[in-house]
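Student: Data: model.cif, mmCIF, N, CA and C atoms.
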```
data_entry
loop_
_atom_site.label_atom_id
_atom_site.label_comp_id
_atom_site.auth_asym_id
_atom_site.auth_seq_id
_atom_site.Cartn_x
_atom_site.Cartn_y
_atom_site.Cartn_z
N MET A 64 34.10 6.09 -74.40
CA MET A 64 32.70 5.87 -74.74
C MET A 64 31.86 6.09 -73.48
N GLY A 65 30.82 6.92 -73.57
CA GLY A 65 29.99 7.23 -72.42
C GLY A 65 28.91 6.20 -72.21
N HIS A 66 28.30 6.28 -71.04
CA HIS A 66 27.24 5.33 -70.71
C HIS A 66 25.91 5.71 -71.35
N GLY A 67 25.68 7.01 -71.58
CA GLY A 67 24.42 7.43 -72.16
C GLY A 67 23.29 7.31 -71.16
N HIS A 68 22.12 7.66 -71.57
CA HIS A 68 20.96 7.56 -70.69
C HIS A 68 19.98 6.59 -71.29
N SER A 69 19.49 5.71 -70.47
CA SER A 69 18.58 4.68 -70.92
C SER A 69 17.36 4.69 -70.01
N HIS A 70 16.25 4.25 -70.53
CA HIS A 70 15.05 4.14 -69.72
C HIS A 70 14.92 2.74 -69.15
N THR A 71 15.92 1.92 -69.35
CA THR A 71 15.92 0.57 -68.80
C THR A 71 16.15 0.66 -67.29
N PRO A 72 15.30 -0.01 -66.49
CA PRO A 72 15.52 0.03 -65.04
C PRO A 72 16.86 -0.58 -64.67
N VAL A 73 17.49 -0.01 -63.66
CA VAL A 73 18.76 -0.56 -63.19
C VAL A 73 18.53 -1.33 -61.91
N GLY A 74 19.44 -2.23 -61.62
CA GLY A 74 19.32 -3.02 -60.40
C GLY A 74 18.34 -4.18 -60.58
N ASP A 75 18.04 -4.83 -59.49
CA ASP A 75 17.12 -5.97 -59.52
C ASP A 75 15.69 -5.45 -59.64
N PRO A 76 14.99 -5.82 -60.71
CA PRO A 76 13.63 -5.30 -60.90
C PRO A 76 12.64 -5.77 -59.84
N ALA A 77 12.92 -6.86 -59.15
CA ALA A 77 12.01 -7.37 -58.12
C ALA A 77 12.29 -6.75 -56.75
N ALA A 78 13.38 -6.01 -56.62
CA ALA A 78 13.77 -5.47 -55.32
C ALA A 78 12.71 -4.54 -54.73
N SER A 79 12.16 -3.65 -55.54
CA SER A 79 11.17 -2.71 -55.03
C SER A 79 9.94 -3.43 -54.49
N ALA A 80 9.49 -4.43 -55.22
CA ALA A 80 8.32 -5.19 -54.78
C ALA A 80 8.63 -5.92 -53.47
N TRP A 81 9.82 -6.49 -53.36
CA TRP A 81 10.20 -7.19 -52.14
C TRP A 81 10.29 -6.22 -50.96
N LEU A 82 10.88 -5.06 -51.17
CA LEU A 82 10.99 -4.05 -50.11
C LEU A 82 9.61 -3.57 -49.69
N TRP A 83 8.72 -3.37 -50.64
CA TRP A 83 7.35 -2.93 -50.32
C TRP A 83 6.64 -4.00 -49.48
N GLN A 84 6.81 -5.25 -49.87
CA GLN A 84 6.18 -6.35 -49.11
C GLN A 84 6.72 -6.37 -47.68
N LEU A 85 8.00 -6.11 -47.52
CA LEU A 85 8.59 -6.07 -46.18
C LEU A 85 7.96 -4.95 -45.35
N ILE A 86 7.77 -3.79 -45.94
CA ILE A 86 7.12 -2.68 -45.25
C ILE A 86 5.70 -3.07 -44.84
N GLU A 87 4.99 -3.70 -45.74
CA GLU A 87 3.62 -4.12 -45.46
C GLU A 87 3.57 -5.12 -44.30
N ARG A 88 4.57 -5.98 -44.19
CA ARG A 88 4.63 -6.95 -43.09
C ARG A 88 5.03 -6.28 -41.77
N LEU A 89 5.92 -5.30 -41.85
CA LEU A 89 6.44 -4.66 -40.64
C LEU A 89 5.48 -3.67 -40.00
N GLU A 90 4.78 -2.92 -40.81
CA GLU A 90 3.96 -1.83 -40.28
C GLU A 90 2.99 -2.28 -39.19
N PRO A 91 2.21 -3.34 -39.41
CA PRO A 91 1.30 -3.74 -38.33
C PRO A 91 2.03 -4.24 -37.08
N GLU A 92 3.22 -4.81 -37.27
CA GLU A 92 4.00 -5.30 -36.13
C GLU A 92 4.51 -4.14 -35.27
N LEU A 93 4.82 -3.03 -35.90
CA LEU A 93 5.34 -1.88 -35.15
C LEU A 93 4.24 -1.09 -34.46
N THR A 94 3.01 -1.24 -34.90
CA THR A 94 1.92 -0.50 -34.29
C THR A 94 1.10 -1.36 -33.34
N ALA A 95 1.29 -2.66 -33.37
CA ALA A 95 0.53 -3.56 -32.50
C ALA A 95 1.09 -3.52 -31.07
N GLU A 96 0.21 -3.55 -30.12
CA GLU A 96 0.64 -3.56 -28.72
C GLU A 96 1.31 -4.89 -28.37
N GLY A 97 2.50 -4.81 -27.82
CA GLY A 97 3.17 -6.00 -27.30
C GLY A 97 3.67 -6.99 -28.32
N SER A 98 3.64 -6.67 -29.60
CA SER A 98 4.10 -7.61 -30.61
C SER A 98 5.59 -7.43 -30.82
N GLY A 99 6.33 -8.50 -30.70
CA GLY A 99 7.77 -8.41 -30.88
C GLY A 99 8.25 -8.99 -32.19
N SER A 100 7.36 -9.15 -33.14
CA SER A 100 7.73 -9.81 -34.40
C SER A 100 8.54 -8.94 -35.34
N ALA A 101 8.48 -7.61 -35.19
CA ALA A 101 9.20 -6.73 -36.12
C ALA A 101 10.69 -7.04 -36.12
N GLY A 102 11.27 -7.25 -34.96
CA GLY A 102 12.69 -7.57 -34.86
C GLY A 102 13.04 -8.85 -35.58
N ALA A 103 12.20 -9.86 -35.43
CA ALA A 103 12.44 -11.15 -36.08
C ALA A 103 12.32 -11.02 -37.60
N ILE A 104 11.32 -10.27 -38.06
CA ILE A 104 11.14 -10.06 -39.49
C ILE A 104 12.36 -9.35 -40.07
N LEU A 105 12.82 -8.31 -39.38
CA LEU A 105 13.98 -7.55 -39.85
C LEU A 105 15.24 -8.38 -39.82
N GLN A 106 15.39 -9.21 -38.80
CA GLN A 106 16.56 -10.07 -38.70
C GLN A 106 16.59 -11.05 -39.88
N GLN A 107 15.43 -11.58 -40.20
CA GLN A 107 15.32 -12.52 -41.31
C GLN A 107 15.64 -11.83 -42.64
N ALA A 108 15.28 -10.55 -42.77
CA ALA A 108 15.49 -9.80 -44.01
C ALA A 108 16.86 -9.15 -44.09
N HIS A 109 17.63 -9.18 -43.02
CA HIS A 109 18.88 -8.42 -42.94
C HIS A 109 19.85 -8.73 -44.06
N GLU A 110 20.04 -10.00 -44.38
CA GLU A 110 21.00 -10.38 -45.42
C GLU A 110 20.62 -9.78 -46.78
N THR A 111 19.34 -9.84 -47.11
CA THR A 111 18.89 -9.28 -48.38
C THR A 111 19.03 -7.76 -48.35
N LEU A 112 18.66 -7.12 -47.24
CA LEU A 112 18.79 -5.66 -47.13
C LEU A 112 20.25 -5.25 -47.27
N ALA A 113 21.14 -6.00 -46.64
CA ALA A 113 22.57 -5.69 -46.72
C ALA A 113 23.07 -5.79 -48.16
N ARG A 114 22.52 -6.72 -48.91
CA ARG A 114 22.91 -6.87 -50.31
C ARG A 114 22.33 -5.71 -51.15
N LEU A 115 21.12 -5.28 -50.81
CA LEU A 115 20.46 -4.23 -51.60
C LEU A 115 21.06 -2.84 -51.39
N VAL A 116 21.81 -2.63 -50.31
CA VAL A 116 22.43 -1.31 -50.12
C VAL A 116 23.49 -1.03 -51.18
N SER A 117 23.86 -2.03 -51.96
CA SER A 117 24.80 -1.80 -53.06
C SER A 117 24.15 -2.08 -54.42
N ASP A 118 22.82 -2.10 -54.47
CA ASP A 118 22.09 -2.29 -55.72
C ASP A 118 22.42 -1.15 -56.69
N GLU A 119 22.27 -1.39 -57.97
CA GLU A 119 22.55 -0.36 -58.98
C GLU A 119 21.54 0.78 -58.94
N ASN A 120 20.33 0.53 -58.45
CA ASN A 120 19.28 1.54 -58.42
C ASN A 120 19.41 2.39 -57.14
N PRO A 121 19.63 3.70 -57.28
CA PRO A 121 19.81 4.55 -56.09
C PRO A 121 18.60 4.56 -55.16
N ARG A 122 17.40 4.45 -55.72
CA ARG A 122 16.20 4.41 -54.87
C ARG A 122 16.19 3.14 -54.03
N THR A 123 16.52 2.02 -54.65
CA THR A 123 16.57 0.75 -53.93
C THR A 123 17.61 0.82 -52.81
N ARG A 124 18.78 1.39 -53.11
CA ARG A 124 19.82 1.53 -52.07
C ARG A 124 19.30 2.35 -50.90
N ALA A 125 18.66 3.47 -51.18
CA ALA A 125 18.15 4.35 -50.11
C ALA A 125 17.06 3.65 -49.30
N GLN A 126 16.18 2.92 -49.96
CA GLN A 126 15.11 2.22 -49.26
C GLN A 126 15.67 1.11 -48.37
N ALA A 127 16.68 0.39 -48.87
CA ALA A 127 17.31 -0.66 -48.07
C ALA A 127 17.99 -0.06 -46.84
N ARG A 128 18.71 1.07 -47.03
CA ARG A 128 19.35 1.74 -45.88
C ARG A 128 18.31 2.19 -44.86
N ALA A 129 17.20 2.72 -45.35
CA ALA A 129 16.14 3.17 -44.44
C ALA A 129 15.55 2.00 -43.66
N LEU A 130 15.38 0.86 -44.31
CA LEU A 130 14.86 -0.31 -43.60
C LEU A 130 15.87 -0.85 -42.59
N LEU A 131 17.15 -0.75 -42.90
CA LEU A 131 18.16 -1.12 -41.90
C LEU A 131 18.10 -0.17 -40.71
N LEU A 132 17.82 1.11 -40.95
CA LEU A 132 17.66 2.08 -39.87
C LEU A 132 16.42 1.74 -39.04
N VAL A 133 15.35 1.33 -39.68
CA VAL A 133 14.16 0.87 -38.95
C VAL A 133 14.57 -0.27 -38.02
N GLY A 134 15.38 -1.18 -38.53
CA GLY A 134 15.88 -2.29 -37.70
C GLY A 134 16.69 -1.81 -36.52
N ASP A 135 17.51 -0.78 -36.72
CA ASP A 135 18.28 -0.21 -35.62
C ASP A 135 17.35 0.38 -34.56
N PHE A 136 16.31 1.09 -34.99
CA PHE A 136 15.34 1.64 -34.04
C PHE A 136 14.67 0.53 -33.23
N VAL A 137 14.27 -0.52 -33.92
CA VAL A 137 13.62 -1.65 -33.24
C VAL A 137 14.58 -2.28 -32.24
N ALA A 138 15.82 -2.49 -32.64
CA ALA A 138 16.81 -3.11 -31.76
C ALA A 138 17.10 -2.25 -30.53
N ARG A 139 17.01 -0.93 -30.69
CA ARG A 139 17.26 -0.02 -29.56
C ARG A 139 16.02 0.20 -28.70
N GLY A 140 14.93 -0.47 -29.03
CA GLY A 140 13.71 -0.32 -28.26
C GLY A 140 12.98 0.97 -28.55
N ALA A 141 13.03 1.42 -29.79
CA ALA A 141 12.36 2.66 -30.19
C ALA A 141 11.36 2.37 -31.32
N PRO A 142 10.33 1.57 -31.03
CA PRO A 142 9.38 1.21 -32.09
C PRO A 142 8.60 2.39 -32.64
N ALA A 143 8.37 3.43 -31.85
CA ALA A 143 7.64 4.60 -32.35
C ALA A 143 8.43 5.29 -33.46
N GLU A 144 9.74 5.44 -33.27
CA GLU A 144 10.59 6.04 -34.30
C GLU A 144 10.62 5.16 -35.54
N ALA A 145 10.71 3.84 -35.33
CA ALA A 145 10.71 2.91 -36.45
C ALA A 145 9.41 3.02 -37.23
N ALA A 146 8.28 3.09 -36.54
CA ALA A 146 6.97 3.20 -37.19
C ALA A 146 6.84 4.52 -37.94
N ASP A 147 7.36 5.61 -37.36
CA ASP A 147 7.30 6.91 -38.03
C ASP A 147 8.07 6.89 -39.35
N LEU A 148 9.28 6.33 -39.34
CA LEU A 148 10.08 6.25 -40.56
C LEU A 148 9.41 5.35 -41.59
N LEU A 149 8.93 4.20 -41.12
CA LEU A 149 8.31 3.23 -42.01
C LEU A 149 7.04 3.78 -42.65
N GLY A 150 6.19 4.39 -41.85
CA GLY A 150 4.90 4.86 -42.35
C GLY A 150 4.97 6.21 -43.03
N GLY A 151 6.08 6.90 -42.91
CA GLY A 151 6.22 8.23 -43.50
C GLY A 151 7.10 8.21 -44.73
N GLU A 152 8.34 8.64 -44.54
CA GLU A 152 9.26 8.79 -45.68
C GLU A 152 9.42 7.51 -46.48
N LEU A 153 9.56 6.39 -45.79
CA LEU A 153 9.83 5.14 -46.49
C LEU A 153 8.64 4.74 -47.36
N ARG A 154 7.46 4.81 -46.82
CA ARG A 154 6.25 4.46 -47.57
C ARG A 154 6.09 5.40 -48.79
N ARG A 155 6.37 6.68 -48.60
CA ARG A 155 6.22 7.64 -49.69
C ARG A 155 7.30 7.48 -50.77
N SER A 156 8.36 6.73 -50.49
CA SER A 156 9.43 6.56 -51.48
C SER A 156 9.09 5.50 -52.53
N PHE A 157 7.89 4.94 -52.46
CA PHE A 157 7.43 3.93 -53.41
C PHE A 157 6.28 4.50 -54.24
N PRO A 158 6.58 5.27 -55.29
CA PRO A 158 5.52 5.94 -56.04
C PRO A 158 4.53 5.02 -56.74
N GLY A 159 4.95 3.83 -57.16
CA GLY A 159 4.06 2.96 -57.93
C GLY A 159 3.77 1.64 -57.25
N GLN A 160 3.65 1.63 -55.92
CA GLN A 160 3.54 0.35 -55.22
C GLN A 160 2.37 -0.50 -55.65
N ALA A 161 1.31 0.08 -56.16
CA ALA A 161 0.15 -0.71 -56.59
C ALA A 161 0.47 -1.53 -57.85
N GLU A 162 1.56 -1.19 -58.52
CA GLU A 162 1.88 -1.86 -59.79
C GLU A 162 2.74 -3.11 -59.62
N PHE A 163 3.12 -3.44 -58.39
CA PHE A 163 4.00 -4.58 -58.19
C PHE A 163 3.31 -5.89 -58.52
N ASP A 164 4.03 -6.72 -59.22
CA ASP A 164 3.55 -8.04 -59.59
C ASP A 164 3.95 -9.03 -58.49
N PRO A 165 2.99 -9.71 -57.87
CA PRO A 165 3.32 -10.65 -56.79
C PRO A 165 4.26 -11.77 -57.23
N HIS A 166 4.24 -12.11 -58.51
CA HIS A 166 5.14 -13.17 -59.01
C HIS A 166 6.59 -12.69 -58.99
N GLU A 167 6.81 -11.41 -59.22
CA GLU A 167 8.16 -10.86 -59.14
C GLU A 167 8.69 -10.97 -57.72
N VAL A 168 7.83 -10.71 -56.74
CA VAL A 168 8.25 -10.80 -55.33
C VAL A 168 8.67 -12.23 -55.02
N GLU A 169 7.92 -13.19 -55.46
CA GLU A 169 8.24 -14.60 -55.21
C GLU A 169 9.59 -14.96 -55.82
N ARG A 170 9.89 -14.43 -56.98
CA ARG A 170 11.14 -14.73 -57.66
C ARG A 170 12.34 -14.20 -56.88
N PHE A 171 12.12 -13.18 -56.05
CA PHE A 171 13.20 -12.50 -55.36
C PHE A 171 13.59 -13.16 -54.04
N ARG A 172 12.93 -14.20 -53.66
CA ARG A 172 13.21 -14.86 -52.38
C ARG A 172 14.66 -15.29 -52.28
N GLU A 173 15.17 -15.30 -51.04
CA GLU A 173 16.57 -15.72 -50.81
C GLU A 173 16.73 -17.20 -51.06
#
```
Rewrite the structure of this file - the entire thing - as structure tokens.
Tutor:
Amino acid sequence: MGHGHSHTPVGDPAASAWLWQLIERLEPELTAEGSGSAGAILQQAHETLARLVSDENPRTRAQARALLLVGDFVARGAPAEAADLLGGELRRSFPGQAEFDPHEVERFRE
């Protein structure tokens, strides 16, 4: 018996909203002069990101991997590279970010 194709979203439906919120929190930290908060934010989010790299939704997996890469850039002292990835490819990978429900994000907390 095959799986068939369904229009039902796969993976955690709140994951995209949570990832978008993380990007929104990180972006100003990576562009601000002398702010070291990006590393702390990423460290706090690491457990959730590590869990999302095996999410059923391929987009969620890719976004989580990209955010872990942003964390690697920050840890290596390369905030410009982290900001480029965050503000470019990663931001563009969220086609419907304006549609996120803030209540869904709250439900996704660790």
Student: Spell out the residues picked by the PyMOL selection byres (((chain A and resi 100 and name CA) around 12) and name CA) here, as a ChimeraX atom specification.
Tutor: /A:88-99,101-107,134,137-138,142
Student: Write out as a VMD selection string each polymer residue whose atoms come within 7 Å of A:Pro121, counting only N, CA and C atoms; drop sequence neighbours fewer than 4 positions from it.
Tutor: chain A and resid 73 125 to 126
Student: Enter the distance from atom CA of A:Asp135 to atom CA of A:Ala77, in Å, rounded to one decimal.
Tutor: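 Separating atom CA of A:Asp135 from atom CA of A:Ala77 is a distance of 24.4 Å.
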Student: As an exercise, work out the distance from atom CA of A:Ala145 to atom CA of A:Leu130 in Å and give it to one decimal place.
Tutor: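 If I compute the distance from atom CA of A:Ala145 to atom CA of A:Leu130, I get 8.9 Å.
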Student: Have a look at atom CA of A:Gly151 and atom CA of A:Val133 and let me know their distance in Å, one decimal.
Tutor: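 Pair atom CA of A:Gly151 / atom CA of A:Val133 returns 11.7 Å.
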Student: Within 6.5 Å of A:Glu119, counting all atoms listed in the file, which residues show up once you throw out same-chain ones fewer than 4 positions away? Write them as a list of chain:residue names, please.
Tutor: A:Val73, A:Gly74, A:Asp75, A:Arg124
Student: Can you translate the PyMOL selection byres ((chain A and resi 78) around 8) into the concrete residues it hits in this file, as JSON, numbers by chain?
Tutor: {"A": [74, 75, 76, 77, 79, 80, 81, 82, 83, 84, 115, 123, 167, 168, 171]}
Student: Find the spatial neighbours of A:Glu152, counting only C-alpha atoms, within a cut-off of 12 Å - ignore same-chain residues fewer than 2 positions away - and output them as a list in words.
Tutor: Ile86, Ala125, Gln126, Ala129, Leu130, Val133, Glu144, Ala145, Ala146, Asp147, Leu148, Leu149, Gly150, Arg154, Arg155, Ser156, Phe157 and Pro158 of chain A
Student: Let me make sure I understand: among A:Ala143, A:Leu132, A:Leu85, A:Ala127, which one has the smallest atom-to-atom distance to A:Thr111 if we use only N, CA and C atoms?
Tutor: A:Ala127
